[in-house]
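Trainee: This is the structure I want to talk about, given as structure tokens.
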Number of protein chains: 2
Amino acid sequence: MGSGPIDEITEMVQRIVGRAQSAARQLAKLPSDLKNDALMQMAATLEAEEAALTALNVRDVGRARDNGLSSAMIDRLRLTPQRIRDMARGLREIAALSDPIGDVTHMWRRPNGLEIGTMRVPLGVIAFIYESRPNVTADAAGLCLKSGNAVILRGGSESIQSNLALSELLSKAAATAGIPGDALQMIPIIDRRAIFEILKMEKGVDLVVARGGEEFIRTVVDHSRIPVIKHDKGLCHTYIDDETDLAMAASVAFNAKVQRPSVCNAMETLLVHRDVALGFLPPFCDQLKASGVEVRGCPKTLSIVPWAVAANDDDWDSEYLDLILSVKVVDSLDDALDHIARHGSKLSESIITTNYQKARRFLHEVDSAAVFVNASTRFTDGQEFGFGAELGISTQKLHARGPMGLESLTSLKYIVYGDGQIRE
Amino acid sequence: MGSGPIDEITEMVQRIVGRAQSAARQLAKLPSDLKNDALMQMAATLEAEEAALTALNVRDVGRARDNGLSSAMIDRLRLTPQRIRDMARGLREIAALSDPIGDVTHMWRRPNGLEIGTMRVPLGVIAFIYESRPNVTADAAGLCLKSGNAVILRGGSESIQSNLALSELLSKAAATAGIPGDALQMIPIIDRRAIFEILKMEKGVDLVVARGGEEFIRTVVDHSRIPVIKHDKGLCHTYIDDETDLAMAASVAFNAKVQRPSVCNAMETLLVHRDVALGFLPPFCDQLKASGVEVRGCPKTLSIVPWAVAANDDDWDSEYLDLILSVKVVDSLDDALDHIARHGSKLSESIITTNYQKARRFLHEVDSAAVFVNASTRFTDGQEFGFGAELGISTQKLHARGPMGLESLTSLKYIVYGDGQIRE
């Protein structure tokens with residue numbers, strides 16, 4: 001066997017997974033009241049420890065700055081008092097949601113008298129692997145607890161201090177309400193080999209949720225023997241139709257780009273119908289410029305906004321996550337739909353229009369997790385959708401798509417009541 | 001580049017996937033009436049071609065017998081007039097089901113006035129890889145068509161003649177109703193490398209459904225870059241409680257073992273409470289013996305049924321798919337639950353009891369796709385559940401669990417109606 005470091009990592013991960021499995025079996029049977037008490041305790045603890053948490057986080061942020069991380073990365077990493085209060089609010093909102101476990105969503109009777117129902121059950125053990133963003137630690141803990149799953153967390157190495165402190169606080173708070181201590185565990189080391197060890201444990205882990213950059217997700221998917229739900233790229237479009245309210249168009253598009261450019265549901269490409277380009281683009285681009293946004297335009301855009309940078313082919317496929325916007329003038333709704341189908345990441349797109357038929361066509365024909373009419377793509381978010389919080393935004397079609405709330409962390413089983421039926 | 005055989009296979013599979021993608025985009029928009037017409041045409045064609053199909057199948061069966069396949073395998077392979085009529089009936093039942101595509105399952109309003117709904121959409125392109133069983137070809141074609149997905153089929157090499165004939169008939173029948181010809185395609189070669197080529201095409205194929213033996217499924221999962229839904233092992237248990245109707249217990253357990261032993265939802269292990277073992281086992285085992293079933297018992301079973309074979313440790317983990325049953329006498333419901341948790345495959349288990357609390361405990365605590373009270377495990381089946389047909393029985397928890405009907409072949413997208421909302 002030997003006692004080299006990889007053996008130690010393997011053993012550590014196996015112990016963590018084994019404890020999570022035991023906790024999952026207990027969690028599956030817990031009543032909703034107990035789970036909700038725990039969530040309220042967790043929220044209160046976060047607020048009580050706000051000063052200690054922000055102090056710890058300052059160290060993570062300082063180290064990240066020393067290591068030369070981008071401003072977008074540093075923004076994600078930051079744990080402000082406001083974000084801590086948001087986490088607490090998220091936990092209380094999760095407590096207020098109805099418990100999905102045990103729900104029989106429907107039940108029907110067969111001609112032979114069998115009564116068949118579908119009952120929601122927990123998945124079991126979830127491994128959640130994410131980059132930076134310590135504030136998602138609380139969301140993940142709350143959603144997994146409420147849905148009766150044990151969770152193993154592995155946050156980004158940049159935020160390890162903040163994450164370890166958070167998970168320890170949350171786990172202890174939950175335990176005071178009677179939740180098994182191993183229901184929430186954080187991998188305590190930075191070594192990436194711990195991730196690869198988890199991904200091999202298909203007998204003990206039911207689902208891997210991976211949230212991060214494209215390359216990171218690709219590595220996780222390639223190494224996993226466990227089903228993975230991805231939260232990777234967000235290349236979101238807003239299309240300004242020729243039949244539109246230009247003031248609303250400017251307000252919504254500006255919000256989609258500028259309000260928080262570092263996140264996946266921010267707009268990266270603006271498509272503008274040629275018949276409104278001349279009236280819309282000059283004032284809108286001036287407004288962007290005043291907010292520090294670099295505009296990269298197609299040739300038609302450049303003819304209207306001469307100070308813009310010329311976009312190259314890569315721009316239409318780029319997720320900037322920064323104050324940069326690519327702008328393209330299109331000939332029609334069909335043109336816009338084609339561009340989105342070719343370059344979009346299927347996360348979130350919006351049309352700004354006053355035309356009924358075009359709104360309906362856009363809703364039906366755009367194949368994205370969330371399709372908007374006359375609203376900012378930034379609303380693609382579990383809290384904004386009313387889920388209390390989100391474990392991530394699934395960018396795939398299987399099992400869960402879009403913001404992942406409680407239901408996406410459950411499975412079903414068929415329960416069948418008979419009185420001696422046999423098959424002919 | 002070269003022109004060796006593997007390049008030819010790669011190119012063939014790429015062409016098939018490309019055509020399926022085009023067909024999928026058309027299928028997604030087709031009205032229900034047109035899809036239902038196609039299903040009725042397909043059913044009528046199968047019935048009209050019954051003689052030709054059974055004649056072709058006789059050749060597959062003959063070759064399988066020459067190759068020494070087991071009687072269980074040959075049973076699965078067989079295409080009888082009855083099974084052809086069942087396929088046609090399945091297609092008509094699918095036509096009668098309501099179309100899931102476009103359903104907005106619920107819609108809610110947020111405090112800011114956004115209206116958010118979840119709309120069912122097709123997955124896109126499904127690759128269905130299965131062993132023998134030509135009759136599932138029609139089920140797969142019907143379910144994928146109705147749910148708006150293009151499907152690429154790859155049946156077992158033993159039934160290639162039957163499968164190619166079936167898929168050609170079904171595709172032509174669907175085309176007369178206006179379905180794109182490439183909506184249903186069968187890989188026309190036996191070479192297994194074609195499967196590995198499909199499994200690499202994560203950009204073109206949205207879901208792989210794999211149905212077959214454990215080893216086959218393991219190979220598919222290990223090689224796939226595409227999410228896979230597995231239909232593998234079925235090690236089903238029936239537990240005879242001490243508070244029970246012994247006549248019903250015998251009837252249900254006999255059905256679960258003998259009615260069709262070669263399929264995954266047949267019972268493999270019988271658990272009997274010690275207090276009824278003496279009264280139940282002797283007549284029941286005699287009945288089994290008279291039907292040619294070999295009984296492999298635990299020591300207590302052997303003391304009651306001396307002619308039984310002694311079970312070894314492997315028997316409790318064996319999916320016989322044949323006329324063999326392992327029998328264990330247990331001390332309590334808890335004992336039975338423990339045995340199922342340790343040895344079961346989480347597909348289908350049944351309790352035979354007259355006790356209300358024990359029925360409820362069994363339903364809640366057994367973690368299987370389908371849990372029965374007082375009915376045969378053989379009912380774990382899409383047709384028996386009222387789904388018209390099934391693409392398989394998912395033995396995993398993600399996306400789809402248990403018999404896979406229309407809904408399991410769909411995804412969701414969020415549609416959001418706004419009037420200028422921006423995020424604060």
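Residues are named by chain letter and number: chains run A, B, ... in the order of the structure tokens, numbers start at 1 in each chain, and ligands are numbered from 1 in the order shown.
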Need to verify the contact set: stretch 73-77 of chain A, 7 Å, only C-alpha atoms, exclusion of same-chain residues closer than 3 positions in sequence. Can you return it as a ChimeraX atom specification?
Mentor: /A:61,64,69-70,132-134,159
Trainee: For N, CA and C atoms, I'd like the residues from the last selection saved as a PDB file, in the first residue's frame.
Mentor:
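Saved file selection-v3.pdb follows:
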```
ATOM      1  N   VAL A  61      -8.472  37.650  -0.781  1.00  0.00           N
ATOM      2  CA  VAL A  61      -8.461  38.658  -1.850  1.00  0.00           C
ATOM      3  C   VAL A  61      -7.046  39.210  -2.036  1.00  0.00           C
ATOM      4  N   ALA A  64      -4.956  36.751  -3.851  1.00  0.00           N
ATOM      5  CA  ALA A  64      -5.360  36.698  -5.267  1.00  0.00           C
ATOM      6  C   ALA A  64      -4.756  37.875  -6.024  1.00  0.00           C
ATOM      7  N   LEU A  69      -4.492  37.848 -10.265  1.00  0.00           N
ATOM      8  CA  LEU A  69      -5.790  37.461 -10.832  1.00  0.00           C
ATOM      9  C   LEU A  69      -6.483  38.672 -11.434  1.00  0.00           C
ATOM     10  N   SER A  70      -7.345  38.402 -12.442  1.00  0.00           N
ATOM     11  CA  SER A  70      -8.056  39.488 -13.120  1.00  0.00           C
ATOM     12  C   SER A  70      -9.053  40.140 -12.172  1.00  0.00           C
ATOM     13  N   SER A 132     -13.603  29.855  -7.222  1.00  0.00           N
ATOM     14  CA  SER A 132     -13.792  31.063  -6.406  1.00  0.00           C
ATOM     15  C   SER A 132     -15.195  31.181  -5.806  1.00  0.00           C
ATOM     16  N   ARG A 133     -15.735  32.419  -5.751  1.00  0.00           N
ATOM     17  CA  ARG A 133     -17.114  32.633  -5.306  1.00  0.00           C
ATOM     18  C   ARG A 133     -17.474  31.963  -3.994  1.00  0.00           C
ATOM     19  N   PRO A 134     -16.898  32.393  -2.899  1.00  0.00           N
ATOM     20  CA  PRO A 134     -17.254  31.748  -1.631  1.00  0.00           C
ATOM     21  C   PRO A 134     -18.734  31.874  -1.290  1.00  0.00           C
ATOM     22  N   SER A 159      -9.983  30.810  -2.742  1.00  0.00           N
ATOM     23  CA  SER A 159     -10.850  31.215  -1.635  1.00  0.00           C
ATOM     24  C   SER A 159     -10.890  30.168  -0.533  1.00  0.00           C
TER      25      SER A 159
END
```
Trainee: If we count only C-alpha atoms and set the cut-off at 6 Å, which residues sit around stretch 209-221 of chain B, ignoring sequence neighbours fewer than 4 positions away in its own chain? Please answer as a list in words.
Mentor: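 So the residues in contact are Phe128, Ile129, Tyr130, Glu131, Val228, Ile229, Lys230, His231 and Asp232 of chain B.
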Trainee: From a DSSP calculation on the backbone, collect every residue of stretch 2-132 of chain A in strand (DSSP E) and output the set as a PyMOL selection string.
Mentor: chain A and resi 104-109+115-122+125-130
Trainee: Compile the contact shell of B:His339 as a PyMOL selection string: residues with an atom at most 12 Å away, counting only C-alpha atoms, same-chain residues fewer than 2 positions apart removed.
Mentor: chain B and resi 235-239+269-272+316-317+327-337+341-346+349+366
Trainee: Could you pull the residues within 12 Å of A:Gly204, counting only C-alpha atoms, minus those fewer than 4 positions along the same chain, as a list of chain:residue names?
Mentor: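 With the cut-off at 12 Å, the set is A:Val13, A:Gln14, A:Arg15, A:Ile16, A:Val17, A:Gly18, A:Arg19, A:Ala20, A:Gln21, A:Ser22, A:Ala23, A:Ala24, A:Arg25, A:Leu123, A:Gly124, A:Val125, A:Ile126, A:Ala127, A:Ala150, A:Val151, A:Ile152, A:Glu197, A:Ile198, A:Leu199, A:Lys200, A:Val208, A:Arg225, A:Ile226.
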Trainee: Give me, as a VMD selection string, the contact residues of chain B against chain A at a cut-off of 7 Å, counting only C-alpha atoms.
Mentor: chain B and resid 123 248 252 255 363 368 to 376 378 to 379 397 to 399 401 411 to 423
Trainee: To one decimal place, how far is atom CA of A:Thr54 from atom CA of A:Gly292 in Å?
Mentor: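 The value is 28.4 Å.
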